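Trainee: work-v2.cif (mmCIF, C-alpha atoms and all ligand atoms) pasted underneath:
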```cif
data_structure
loop_
_atom_site.label_atom_id
_atom_site.label_comp_id
_atom_site.auth_asym_id
_atom_site.auth_seq_id
_atom_site.Cartn_x
_atom_site.Cartn_y
_atom_site.Cartn_z
CA MET A 1 0.00 0.00 0.00
CA LYS A 2 1.15 3.58 -0.56
CA VAL A 3 1.01 5.28 2.83
CA PHE A 4 1.37 9.01 3.55
CA VAL A 5 2.85 9.43 7.03
CA THR A 6 2.64 12.82 8.70
CA GLY A 7 5.21 13.22 11.44
CA GLY A 8 7.24 10.33 10.02
CA ALA A 9 10.49 11.95 11.19
CA GLY A 10 9.35 11.98 14.83
CA TYR A 11 9.88 9.37 17.50
CA ILE A 12 6.84 7.13 17.00
CA GLY A 13 6.39 8.01 13.32
CA SER A 14 9.95 7.11 12.35
CA VAL A 15 9.73 3.67 13.99
CA CYS A 16 6.39 3.06 12.29
CA VAL A 17 7.88 4.04 8.91
CA GLU A 18 10.68 1.53 9.52
CA GLU A 19 8.10 -1.22 10.19
CA LEU A 20 5.91 -0.18 7.25
CA ILE A 21 8.87 -0.48 4.89
CA GLN A 22 9.87 -3.81 6.40
CA ALA A 23 6.28 -4.99 5.78
CA GLY A 24 6.59 -4.03 2.07
CA HIS A 25 4.60 -0.78 1.99
CA SER A 26 5.73 2.31 0.13
CA VAL A 27 5.96 5.40 2.31
CA VAL A 28 5.85 9.16 1.83
CA VAL A 29 6.82 11.14 4.94
CA TRP A 30 5.47 14.64 5.49
CA ASP A 31 7.17 16.42 8.39
CA ASN A 32 8.10 20.04 9.19
CA LEU A 33 11.10 18.86 11.28
CA SER A 34 10.01 21.03 14.22
CA GLU A 35 10.29 17.95 16.46
CA GLY A 36 11.39 15.31 14.01
CA HIS A 37 14.84 14.62 12.60
CA ARG A 38 15.74 14.12 8.95
CA ALA A 39 18.17 11.37 9.96
CA ALA A 40 15.34 9.41 11.60
CA VAL A 41 13.55 8.92 8.28
CA HIS A 42 14.14 5.50 6.75
CA PRO A 43 16.23 5.85 3.57
CA GLN A 44 13.63 4.00 1.47
CA ALA A 45 10.88 6.49 2.37
CA VAL A 46 10.24 9.57 0.22
CA PHE A 47 10.75 12.59 2.46
CA LEU A 48 8.84 15.82 1.91
CA GLN A 49 9.40 18.71 4.28
CA GLY A 50 6.18 20.59 4.87
CA ASP A 51 3.82 21.94 7.46
CA LEU A 52 0.24 20.83 8.13
CA LEU A 53 -0.68 24.49 8.38
CA ASP A 54 0.41 25.06 4.77
CA ARG A 55 -2.99 24.12 3.40
CA ASP A 56 -2.24 24.82 -0.27
CA LEU A 57 1.02 22.89 -0.39
CA LEU A 58 -0.49 19.97 1.52
CA GLY A 59 -3.42 19.85 -0.92
CA ARG A 60 -1.08 19.93 -3.89
CA VAL A 61 1.23 17.22 -2.52
CA MET A 62 -1.66 14.92 -1.61
CA GLY A 63 -3.07 15.37 -5.14
CA GLU A 64 0.30 14.43 -6.63
CA GLN A 65 1.06 11.53 -4.31
CA ARG A 66 -2.43 9.95 -4.24
CA PRO A 67 -1.78 7.69 -1.23
CA GLU A 68 -4.14 4.84 -0.36
CA ALA A 69 -3.94 5.61 3.37
CA VAL A 70 -2.71 8.29 5.75
CA ILE A 71 -1.13 7.69 9.14
CA HIS A 72 -1.33 10.95 11.04
CA PHE A 73 1.34 11.28 13.74
CA ALA A 74 2.24 14.95 13.29
CA GLY A 75 1.08 17.12 16.17
CA LYS A 76 1.90 18.75 19.44
CA ALA A 77 1.96 16.25 22.29
CA LEU A 78 3.17 17.70 25.58
CA VAL A 79 0.73 18.19 28.45
CA PRO A 80 2.73 20.93 30.26
CA GLU A 81 3.28 22.92 27.05
CA SER A 82 -0.43 22.72 26.27
CA MET A 83 -1.21 24.20 29.69
CA ARG A 84 0.99 27.22 28.84
CA ASP A 85 0.15 27.65 25.15
CA PRO A 86 -3.25 26.16 24.26
CA SER A 87 -3.43 28.13 21.01
CA LEU A 88 -0.54 26.11 19.57
CA TYR A 89 -2.40 22.89 20.33
CA TYR A 90 -5.65 23.97 18.70
CA ARG A 91 -3.86 25.40 15.65
CA VAL A 92 -1.66 22.41 14.93
CA ASN A 93 -3.75 19.50 16.19
CA VAL A 94 -7.16 20.77 15.09
CA SER A 95 -6.64 23.23 12.18
CA GLY A 96 -3.66 21.27 10.84
CA GLY A 97 -5.70 18.08 11.04
CA VAL A 98 -8.61 19.65 9.15
CA ASN A 99 -6.20 20.73 6.39
CA LEU A 100 -5.04 17.14 6.14
CA LEU A 101 -8.59 15.78 5.92
CA ASP A 102 -9.57 18.30 3.26
CA ALA A 103 -6.52 17.34 1.21
CA MET A 104 -7.48 13.67 1.58
CA VAL A 105 -11.07 14.28 0.52
CA ALA A 106 -9.92 16.22 -2.55
CA ALA A 107 -7.45 13.47 -3.49
CA GLY A 108 -9.96 10.65 -2.92
CA CYS A 109 -8.00 9.07 -0.03
CA ARG A 110 -10.38 7.61 2.55
CA LYS A 111 -8.37 5.76 5.13
CA ILE A 112 -6.71 7.51 8.08
CA ILE A 113 -5.07 6.14 11.21
CA PHE A 114 -4.89 8.86 13.81
CA SER A 115 -2.54 9.16 16.79
CA SER A 116 -4.99 9.88 19.58
CA THR A 117 -4.22 9.59 23.26
CA CYS A 118 -5.39 8.34 26.62
CA ALA A 119 -5.24 12.03 27.61
CA THR A 120 -8.66 12.33 25.94
CA TYR A 121 -10.11 10.48 28.97
CA GLY A 122 -8.93 12.96 31.60
CA VAL A 123 -9.03 11.51 35.11
CA PRO A 124 -10.87 8.21 34.72
CA GLU A 125 -13.21 7.01 37.45
CA LYS A 126 -11.57 3.62 37.34
CA VAL A 127 -8.48 2.03 35.84
CA PRO A 128 -7.81 0.09 33.68
CA MET A 129 -9.96 2.13 31.33
CA ASN A 130 -11.62 0.81 28.18
CA GLU A 131 -12.76 2.71 25.09
CA GLU A 132 -16.18 3.40 26.63
CA THR A 133 -14.65 5.45 29.44
CA PRO A 134 -16.12 8.99 29.17
CA GLN A 135 -13.73 11.33 27.37
CA LYS A 136 -13.33 14.36 29.63
CA PRO A 137 -9.82 15.76 29.02
CA ILE A 138 -8.19 17.91 31.68
CA ASN A 139 -5.63 19.66 29.47
CA PRO A 140 -5.71 21.35 26.04
CA TYR A 141 -3.53 18.59 24.59
CA GLY A 142 -6.13 15.92 25.37
CA HIS A 143 -8.95 18.25 24.35
CA SER A 144 -7.38 19.03 20.96
CA LYS A 145 -7.01 15.29 20.26
CA LEU A 146 -10.62 14.62 21.32
CA MET A 147 -11.81 17.44 19.05
CA PHE A 148 -10.03 15.84 16.12
CA GLU A 149 -11.58 12.43 16.91
CA GLN A 150 -14.98 14.15 16.77
CA ILE A 151 -14.12 15.93 13.53
CA LEU A 152 -13.11 12.56 12.07
CA ALA A 153 -16.53 11.15 12.95
CA TRP A 154 -18.24 13.93 10.95
CA TYR A 155 -15.87 13.52 7.99
CA SER A 156 -16.62 9.83 8.12
CA GLN A 157 -20.37 10.49 7.94
CA ILE A 158 -20.20 13.28 5.36
CA HIS A 159 -17.21 12.38 3.18
CA GLY A 160 -16.83 8.62 3.70
CA ILE A 161 -13.47 8.93 5.48
CA VAL A 162 -12.62 5.70 7.38
CA PRO A 163 -10.81 6.68 10.58
CA THR A 164 -9.07 4.44 13.08
CA CYS A 165 -8.25 6.36 16.25
CA LEU A 166 -5.45 4.74 18.23
CA ARG A 167 -5.45 6.10 21.76
CA TYR A 168 -1.87 5.73 22.83
CA PHE A 169 -0.80 5.23 26.37
CA ASN A 170 2.91 6.01 27.03
CA ALA A 171 5.11 5.31 24.01
CA SER A 172 8.57 4.21 25.08
CA GLY A 173 11.57 2.08 24.11
CA ALA A 174 13.48 2.08 20.83
CA SER A 175 14.16 -0.01 17.75
CA SER A 176 17.79 -0.86 17.10
CA GLU A 177 18.18 2.24 14.90
CA ARG A 178 15.54 4.69 16.02
CA GLY A 179 14.80 6.12 19.43
CA GLU A 180 13.45 9.04 21.40
CA HIS A 181 15.20 12.37 20.88
CA HIS A 182 13.29 15.53 21.64
CA ARG A 183 15.07 18.87 21.44
CA VAL A 184 13.75 19.69 24.89
CA GLU A 185 13.23 16.42 26.72
CA THR A 186 10.30 16.29 29.14
CA HIS A 187 9.42 12.58 29.08
CA LEU A 188 10.15 10.33 32.00
CA ILE A 189 12.08 7.43 30.44
CA PRO A 190 14.55 9.47 28.34
CA ASN A 191 15.09 11.81 31.29
CA VAL A 192 15.87 8.85 33.54
CA LEU A 193 18.32 7.44 30.99
CA LEU A 194 19.97 10.82 30.40
CA ALA A 195 20.55 10.93 34.17
CA ALA A 196 22.09 7.43 33.97
CA LEU A 197 24.35 8.69 31.15
CA GLY A 198 25.44 11.61 33.34
CA GLN A 199 23.87 14.16 30.97
CA ARG A 200 21.45 15.19 33.69
CA LYS A 201 22.25 15.67 37.35
CA GLU A 202 19.10 13.99 38.58
CA VAL A 203 15.56 12.94 37.72
CA GLU A 204 12.83 15.17 39.01
CA ILE A 205 9.81 13.27 40.30
CA PHE A 206 6.74 15.39 39.64
CA GLY A 207 4.36 14.75 42.53
CA THR A 208 4.82 12.33 45.40
CA GLY A 209 1.40 12.78 47.02
CA HIS A 210 -0.83 11.38 44.28
CA ALA A 211 -3.55 8.88 45.18
CA THR A 212 -1.41 5.90 44.12
CA PRO A 213 0.36 3.24 46.23
CA ASP A 214 3.76 5.01 46.25
CA GLY A 215 2.39 8.52 45.71
CA THR A 216 3.87 8.92 42.20
CA CYS A 217 1.94 8.85 38.92
CA ILE A 218 1.17 5.54 37.25
CA ARG A 219 1.35 5.16 33.48
CA ASP A 220 1.02 2.28 31.02
CA TYR A 221 4.27 2.14 29.02
CA ILE A 222 3.96 0.62 25.57
CA HIS A 223 6.95 -0.25 23.41
CA VAL A 224 7.12 1.92 20.31
CA ARG A 225 7.50 -1.18 18.10
CA ASP A 226 4.27 -2.64 19.50
CA LEU A 227 2.62 0.71 18.92
CA ALA A 228 3.88 0.68 15.32
CA SER A 229 2.48 -2.80 14.73
CA ALA A 230 -1.01 -1.60 15.76
CA HIS A 231 -0.89 0.94 12.90
CA ILE A 232 0.12 -1.68 10.39
CA LEU A 233 -2.75 -3.94 11.41
CA ALA A 234 -5.15 -0.98 11.25
CA LEU A 235 -4.26 -0.36 7.59
CA ASP A 236 -6.43 -3.35 6.66
CA ARG A 237 -9.56 -2.08 8.41
CA GLU A 238 -12.51 -0.98 6.33
CA LYS A 239 -14.60 0.57 9.10
CA ALA A 240 -14.23 3.34 11.65
CA GLY A 241 -13.05 2.48 15.15
CA ALA A 242 -11.25 3.67 18.26
CA PHE A 243 -8.81 1.54 20.21
CA ASN A 244 -6.65 1.88 23.28
CA VAL A 245 -3.04 0.91 22.71
CA GLY A 246 -1.53 -0.10 26.02
CA THR A 247 -0.56 -3.19 27.97
CA GLY A 248 -2.99 -3.17 30.91
CA GLN A 249 -0.01 -2.95 33.25
CA GLY A 250 0.79 0.29 35.10
CA HIS A 251 4.15 1.42 36.49
CA SER A 252 4.78 4.27 38.90
CA VAL A 253 7.47 6.90 38.36
CA ARG A 254 9.45 5.36 41.22
CA GLY A 255 9.00 1.90 39.67
CA VAL A 256 10.41 3.11 36.34
CA ILE A 257 13.44 4.67 38.06
CA GLU A 258 14.06 1.45 40.03
CA MET A 259 13.95 -0.65 36.85
CA ALA A 260 16.27 1.82 35.10
CA ARG A 261 18.81 1.41 37.92
CA LYS A 262 18.65 -2.36 37.43
CA VAL A 263 18.96 -2.23 33.63
CA THR A 264 21.70 0.41 33.45
CA GLN A 265 23.58 -0.57 36.62
CA LYS A 266 24.09 3.18 37.11
CA GLU A 267 23.37 5.47 39.98
CA ILE A 268 20.33 7.63 39.22
CA CYS A 269 19.76 10.54 41.62
CA ILE A 270 16.26 11.87 42.18
CA SER A 271 14.68 15.04 43.52
CA GLU A 272 11.06 15.34 44.55
CA LYS A 273 9.10 18.20 42.98
CA PRO A 274 5.49 19.38 43.04
CA ALA A 275 3.02 17.64 40.72
CA ARG A 276 2.79 18.95 37.15
CA ALA A 277 -0.41 20.77 36.18
CA GLY A 278 -2.76 18.65 34.11
CA ASP A 279 -1.24 15.29 35.12
CA PRO A 280 -3.80 12.56 35.98
CA PRO A 281 -2.57 10.25 38.79
CA ALA A 282 -3.08 6.93 36.97
CA LEU A 283 -3.69 5.99 33.33
CA VAL A 284 -3.76 2.30 32.48
CA ALA A 285 -5.36 0.76 29.39
CA ALA A 286 -7.85 -2.01 29.01
CA ALA A 287 -6.62 -2.92 25.53
CA ASP A 288 -8.54 -6.15 24.84
CA LYS A 289 -10.55 -4.52 22.03
CA LEU A 290 -7.42 -4.05 19.92
CA GLN A 291 -6.36 -7.62 20.63
CA LYS A 292 -9.80 -9.03 19.75
CA GLU A 293 -10.63 -6.94 16.70
CA LEU A 294 -7.20 -6.53 15.12
CA GLY A 295 -5.36 -9.56 16.50
CA TRP A 296 -2.73 -7.26 18.02
CA LYS A 297 -0.41 -8.51 20.75
CA PRO A 298 2.27 -6.53 22.56
CA LYS A 299 5.54 -8.43 22.16
CA HIS A 300 8.15 -6.05 23.53
CA SER A 301 6.36 -4.09 26.23
CA GLY A 302 7.65 -5.59 29.47
CA LEU A 303 9.16 -2.68 31.42
CA GLU A 304 12.59 -4.30 31.48
CA GLU A 305 12.67 -4.78 27.69
CA ILE A 306 11.40 -1.24 27.14
CA LEU A 307 14.14 0.22 29.30
CA ALA A 308 16.84 -2.08 27.91
CA SER A 309 16.00 -1.13 24.29
CA ALA A 310 15.88 2.58 25.14
CA TRP A 311 19.14 2.29 27.08
CA ASP A 312 20.85 0.60 24.11
CA TRP A 313 19.75 3.42 21.84
CA HIS A 314 20.73 6.23 24.24
CA ARG A 315 24.11 4.65 24.95
CA THR A 316 24.88 4.26 21.25
CA HIS A 317 23.37 7.67 20.36
CA PRO A 318 24.42 9.87 23.30
CA ARG A 319 23.62 12.99 21.24
CA GLY A 320 20.49 11.47 19.73
CA TYR A 321 20.25 12.36 16.03
CA SER A 322 22.57 15.37 16.41
CA ASP A 323 25.74 13.53 15.34
N1 LIG A 401 7.56 12.62 35.05
C1 LIG A 401 8.46 12.83 36.09
N2 LIG A 401 9.69 13.34 35.81
C2 LIG A 401 10.07 13.67 34.54
C3 LIG A 401 9.16 13.44 33.47
C4 LIG A 401 7.92 12.92 33.78
O1 LIG A 401 8.15 12.55 37.26
O2 LIG A 401 11.21 14.15 34.35
C5 LIG A 401 6.25 12.00 35.34
C6 LIG A 401 5.07 12.80 34.80
O3 LIG A 401 4.63 13.73 35.78
C7 LIG A 401 4.07 11.71 34.49
C8 LIG A 401 4.92 10.50 34.13
O4 LIG A 401 6.22 10.78 34.63
O5 LIG A 401 3.34 11.38 35.66
C9 LIG A 401 5.01 10.29 32.63
O6 LIG A 401 5.31 11.54 32.04
P1 LIG A 401 5.68 11.71 30.52
O7 LIG A 401 5.97 13.18 30.32
O8 LIG A 401 6.76 10.75 30.16
O9 LIG A 401 4.38 11.27 29.74
P2 LIG A 401 2.83 11.77 29.85
O10 LIG A 401 2.14 10.74 30.70
O11 LIG A 401 2.82 13.16 30.42
O12 LIG A 401 2.37 11.75 28.43
#
```
Kindly present the structure from the file in structure tokens form.
Ligand code: UDP

Mentor:
Amino acid sequence: MKVFVTGGAGYIGSVCVEELIQAGHSVVVWDNLSEGHRAAVHPQAVFLQGDLLDRDLLGRVMGEQRPEAVIHFAGKALVPESMRDPSLYYRVNVSGGVNLLDAMVAAGCRKIIFSSTCATYGVPEKVPMNEETPQKPINPYGHSKLMFEQILAWYSQIHGIVPTCLRYFNASGASSERGEHHRVETHLIPNVLLAALGQRKEVEIFGTGHATPDGTCIRDYIHVRDLASAHILALDREKAGAFNVGTGQGHSVRGVIEMARKVTQKEICISEKPARAGDPPALVAAADKLQKELGWKPKHSGLEEILASAWDWHRTHPRGYSD
């Protein structure tokens, strides 16, 4: 299949492109390189640098490329940033997404797999949470992703678009060649490993008084390769759907740091800080729907394997893609 991948130079997108190419698909990457890295793009993919907000160019490129499916990773994805600058989130995630859909409609492309998030649920009444959990986001990031899910439903009804919304839990880990490198790193696992590498003095733990057994936030960490495989399975779907992509297993911030000490055999210093605004205490997926309907199975998402793969990548790429 010819697949148009927005954000294919980013962390999750670049690993998915690698797996798409290994599975025999042909790939066009569209990325503005604001977060992504040119070097992360698989050499067999066609790379086009462009911005979702450039509506005319996007329309033209989609008309020329005529893909059979779109996988839409590009977007802003940091909770704390969205609490400071909501406008950015609505512009890129909502307006940029609408530009993409309009370009698809004009080019006759119907299938889209969208990177949604468990942040659309807000603070769930119970965990693990399934896809029926009410979506009540508590930050503009989650709200912008929910808005785009809703827009997709209308485009499905009106224009025959076939959307699959994959609600990611916490993407983590690395393939042998591609890993997590953000220009400003805010995520837990890379921060922990940068501390193990001595590039950071310590790991800050945001919030130690949450309503969880050890007081730190619980998240469901899913290996980026398992996340990628969910997209590849979704390419074959012919009807709309929304799926959680997680493991059903939660780990606290302290638990992640403990496992990182074991995997790296390094000292990792911590400092306890106030909770971050907009952070729900616990997010854990009930992901049986994805397993039942798409035959998906996480193969690499044990916490130890996640940390070991990420550690391998960080050790061998101490400057990320900057070399
Ligand atoms: N976190 C932390 N220290 C860090 C980065 C993150 O304690 O340096 C916490 C954060 O508050 C959250 C969890 O780790 O509870 C996962 O955060 P991350 O930013 O990796 O992903 P999110 O769940 O926000 O998408």

Trainee: Between atom CA of Ser156 of chain A and atom CA of Met62 of chain A, what is the spacing in Å?

Mentor: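 Atom-to-atom, atom CA of Met62 of chain A to atom CA of Ser156 of chain A, that is 18.6 Å.
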
Trainee: Let me make sure I understand: among A:Lys111, A:Val79, A:Gly295, A:Gly255, which one has the smallest atom-to-atom distance to ligand LIG 401 (chain A) if we use all atoms listed in the file?

Mentor: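 Answer, going by the shortest atom-to-atom distance: A:Val79.
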
Trainee: Rank nothing, just name the residue among A:Pro124, A:Gly215, A:Pro298, A:Pro86 nearest to ligand LIG 401 (chain A), using only C-alpha atoms and all ligand atoms.

Mentor: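 Counting only C-alpha atoms and all ligand atoms, the residue closest to ligand LIG 401 (chain A) is A:Gly215.
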
Trainee: What does the distance between atom CA of Thr6 of chain A and atom CA of Asp56 of chain A come to in Å, to one decimal place?

Mentor: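 We find that atom CA of Thr6 of chain A and atom CA of Asp56 of chain A lie 15.8 Å from each other.
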
Trainee: Restricting the calculation to only C-alpha atoms and all ligand atoms: of A:His187, A:Arg200, A:His223, A:Arg254, which residue gets closest to ligand LIG 401 (chain A)?

Mentor: A:His187

Trainee: Counting all atoms listed in the file, which residues of chain A sit at most 10 Å from some atom of ligand LIG 401 (chain A), and what is each one's closest atom pair with its distance in Å to one decimal, listed by chain and rising residue number, as a tab-separated table?

Mentor:
```
residue	atom	partner	partner_atom	distance
A:Ala77	CA	A:LIG401	O12	7.6
A:Leu78	CA	A:LIG401	O11	6.6
A:Val79	CA	A:LIG401	O11	5.8
A:Pro80	CA	A:LIG401	O11	7.8
A:Thr117	CA	A:LIG401	O12	8.7
A:Cys118	CA	A:LIG401	O12	8.7
A:Ala119	CA	A:LIG401	O12	7.7
A:Tyr141	CA	A:LIG401	O12	9.8
A:Gly142	CA	A:LIG401	O12	9.9
A:Tyr168	CA	A:LIG401	O12	9.3
A:Phe169	CA	A:LIG401	O12	7.5
A:Asn170	CA	A:LIG401	O12	5.9
A:Ala171	CA	A:LIG401	O12	8.3
A:Ser172	CA	A:LIG401	O8	8.5
A:Glu185	CA	A:LIG401	O2	8.2
A:Thr186	CA	A:LIG401	C3	5.3
A:His187	CA	A:LIG401	O8	3.4
A:Leu188	CA	A:LIG401	C3	3.6
A:Ile189	CA	A:LIG401	O8	6.3
A:Pro190	CA	A:LIG401	O8	8.1
A:Asn191	CA	A:LIG401	O2	5.5
A:Val192	CA	A:LIG401	O2	7.1
A:Ala195	CA	A:LIG401	O2	9.9
A:Glu202	CA	A:LIG401	O2	9.0
A:Val203	CA	A:LIG401	O2	5.6
A:Glu204	CA	A:LIG401	N2	4.8
A:Ile205	CA	A:LIG401	O1	3.5
A:Phe206	CA	A:LIG401	O1	4.0
A:Gly207	CA	A:LIG401	O3	6.8
A:Thr208	CA	A:LIG401	O1	8.8
A:His210	CA	A:LIG401	O5	9.6
A:Thr216	CA	A:LIG401	O5	7.0
A:Cys217	CA	A:LIG401	O5	4.4
A:Ile218	CA	A:LIG401	O5	6.4
A:Arg219	CA	A:LIG401	O10	6.3
A:Asp220	CA	A:LIG401	O10	8.5
A:Tyr221	CA	A:LIG401	C9	8.9
A:His251	CA	A:LIG401	C8	9.4
A:Ser252	CA	A:LIG401	C8	7.8
A:Val253	CA	A:LIG401	O4	5.5
A:Arg254	CA	A:LIG401	O1	8.3
A:Val256	CA	A:LIG401	O4	8.9
A:Ile257	CA	A:LIG401	O1	9.5
A:Ile270	CA	A:LIG401	N2	9.3
A:Ser271	CA	A:LIG401	N2	9.3
A:Glu272	CA	A:LIG401	O1	8.3
A:Lys273	CA	A:LIG401	O1	8.1
A:Pro274	CA	A:LIG401	O3	9.2
A:Ala275	CA	A:LIG401	O3	6.5
A:Arg276	CA	A:LIG401	O3	5.7
A:Ala277	CA	A:LIG401	O3	8.7
A:Gly278	CA	A:LIG401	O11	8.7
A:Asp279	CA	A:LIG401	O5	6.0
A:Pro280	CA	A:LIG401	O5	7.2
A:Pro281	CA	A:LIG401	O5	6.8
A:Ala282	CA	A:LIG401	O5	7.9
A:Leu283	CA	A:LIG401	O10	8.0
```

Trainee: Show which residues sit within 8 Å of Phe73 of chain A, as a ChimeraX atom specification. Count all atoms listed in the file, and ignore same-chain residues fewer than 2 positions away.

Mentor: /A:5-8,12-13,71,75,114-115

Trainee: Output C-alpha atoms of each residue in that selection to a file, as a PDB file, in the frame of the given file.

Mentor:
```
ATOM      1  CA  VAL A   5       2.850   9.430   7.030  1.00  0.00           C
ATOM      2  CA  THR A   6       2.640  12.820   8.700  1.00  0.00           C
ATOM      3  CA  GLY A   7       5.210  13.220  11.440  1.00  0.00           C
ATOM      4  CA  GLY A   8       7.240  10.330  10.020  1.00  0.00           C
ATOM      5  CA  ILE A  12       6.840   7.130  17.000  1.00  0.00           C
ATOM      6  CA  GLY A  13       6.390   8.010  13.320  1.00  0.00           C
ATOM      7  CA  ILE A  71      -1.130   7.690   9.140  1.00  0.00           C
ATOM      8  CA  GLY A  75       1.080  17.120  16.170  1.00  0.00           C
ATOM      9  CA  PHE A 114      -4.890   8.860  13.810  1.00  0.00           C
ATOM     10  CA  SER A 115      -2.540   9.160  16.790  1.00  0.00           C
TER      11      SER A 115
END
```

Trainee: Would you mind reading off the distance between atom CA of His25 of chain A and atom CA of Val105 of chain A, one decimal, in Å?

Mentor: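 According to the coordinates, atom CA of His25 of chain A and atom CA of Val105 of chain A are separated by 21.8 Å.
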
Trainee: Rank A:Gln199, A:Ala230, A:Asp236, A:Lys289 by their smallest atom-to-atom distance to Glu19 of chain A, using only C-alpha atoms, and report the top residue only.

Mentor: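 Of A:Gln199, A:Ala230, A:Asp236, A:Lys289, the one nearest Glu19 of chain A is A:Ala230, counting only C-alpha atoms.
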
Trainee: Name the residues, using the chain letters and numbers of the file, that sit within 10 Å of (1.2, -0.9, 12.2) when counting all atoms listed in the file, and give them as a list of chain:residue names.

Mentor: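 Nearby residues: A:Val15, A:Cys16, A:Val17, A:Glu19, A:Leu20, A:Ala23, A:Ile71, A:Ile113, A:Arg225, A:Asp226, A:Leu227, A:Ala228, A:Ser229, A:Ala230, A:His231, A:Ile232, A:Leu233, A:Ala234, A:Leu235, A:Asp236, A:Trp296.
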
Trainee: With distances taken over all atoms listed in the file, which residue among A:Trp30, A:Tyr90, A:Trp313, A:Phe47 lies nearest His72 of chain A?

Mentor: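 Looking only at the distances to His72 of chain A, the closest residue turns out to be A:Trp30.
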
Trainee: Please provide as a PyMOL selection string all residues within 8 Å of His37 of chain A, with the sequence filter that same-chain residues fewer than 6 positions apart are discarded (counting all atoms listed in the file).

Mentor: chain A and resi 9-10+321

Trainee: Quick one: 4 Å padding each side, axis-aligned, all listed atoms of segment 78-92 of chain A - centre and edge lengths in Å to one decimal, as JSON?

Mentor:
```
{"center_x": -1.2, "center_y": 22.9, "center_z": 22.6, "size_x": 16.9, "size_y": 18.4, "size_z": 23.3}
```

Trainee: Using only C-alpha atoms, which of the listed residues (A:Asn244, A:Gln265, A:Ser82, A:Gln249) sits closest to Glu293 of chain A?

Mentor: A:Asn244

Trainee: Excluding same-chain residues fewer than 3 positions from Val3 of chain A, what lies within 8 Å of it counting all atoms listed in the file, as a compact mmCIF listing (two decimals) with C-alpha atoms, keeping the file's coordinate frame?

Mentor:
```txt
# COMPACT_ATOMS: atom_id res chain seq x y z
CA HIS A 25 4.60 -0.78 1.99
CA SER A 26 5.73 2.31 0.13
CA VAL A 27 5.96 5.40 2.31
CA VAL A 28 5.85 9.16 1.83
CA PRO A 67 -1.78 7.69 -1.23
CA GLU A 68 -4.14 4.84 -0.36
CA ALA A 69 -3.94 5.61 3.37
CA VAL A 70 -2.71 8.29 5.75
CA ILE A 71 -1.13 7.69 9.14
```

Trainee: Determine, counting all atoms listed in the file, which protein, DNA and RNA residues have an atom within 10 Å of an atom of His181 of chain A; residues of the same chain fewer than 6 positions away are not included. Present the result as a CSV table (one decimal) with C-alpha atoms, in the frame of the given file.

Mentor:
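Contents of result_16.csv, freshly written:
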```
chain,number,residue,atom,x,y,z
A,10,GLY,CA,9.4,12.0,14.8
A,11,TYR,CA,9.9,9.4,17.5
A,35,GLU,CA,10.3,18.0,16.5
A,36,GLY,CA,11.4,15.3,14.0
A,37,HIS,CA,14.8,14.6,12.6
A,40,ALA,CA,15.3,9.4,11.6
A,190,PRO,CA,14.6,9.5,28.3
A,314,HIS,CA,20.7,6.2,24.2
A,317,HIS,CA,23.4,7.7,20.4
A,318,PRO,CA,24.4,9.9,23.3
A,319,ARG,CA,23.6,13.0,21.2
A,320,GLY,CA,20.5,11.5,19.7
A,321,TYR,CA,20.2,12.4,16.0
A,322,SER,CA,22.6,15.4,16.4
```
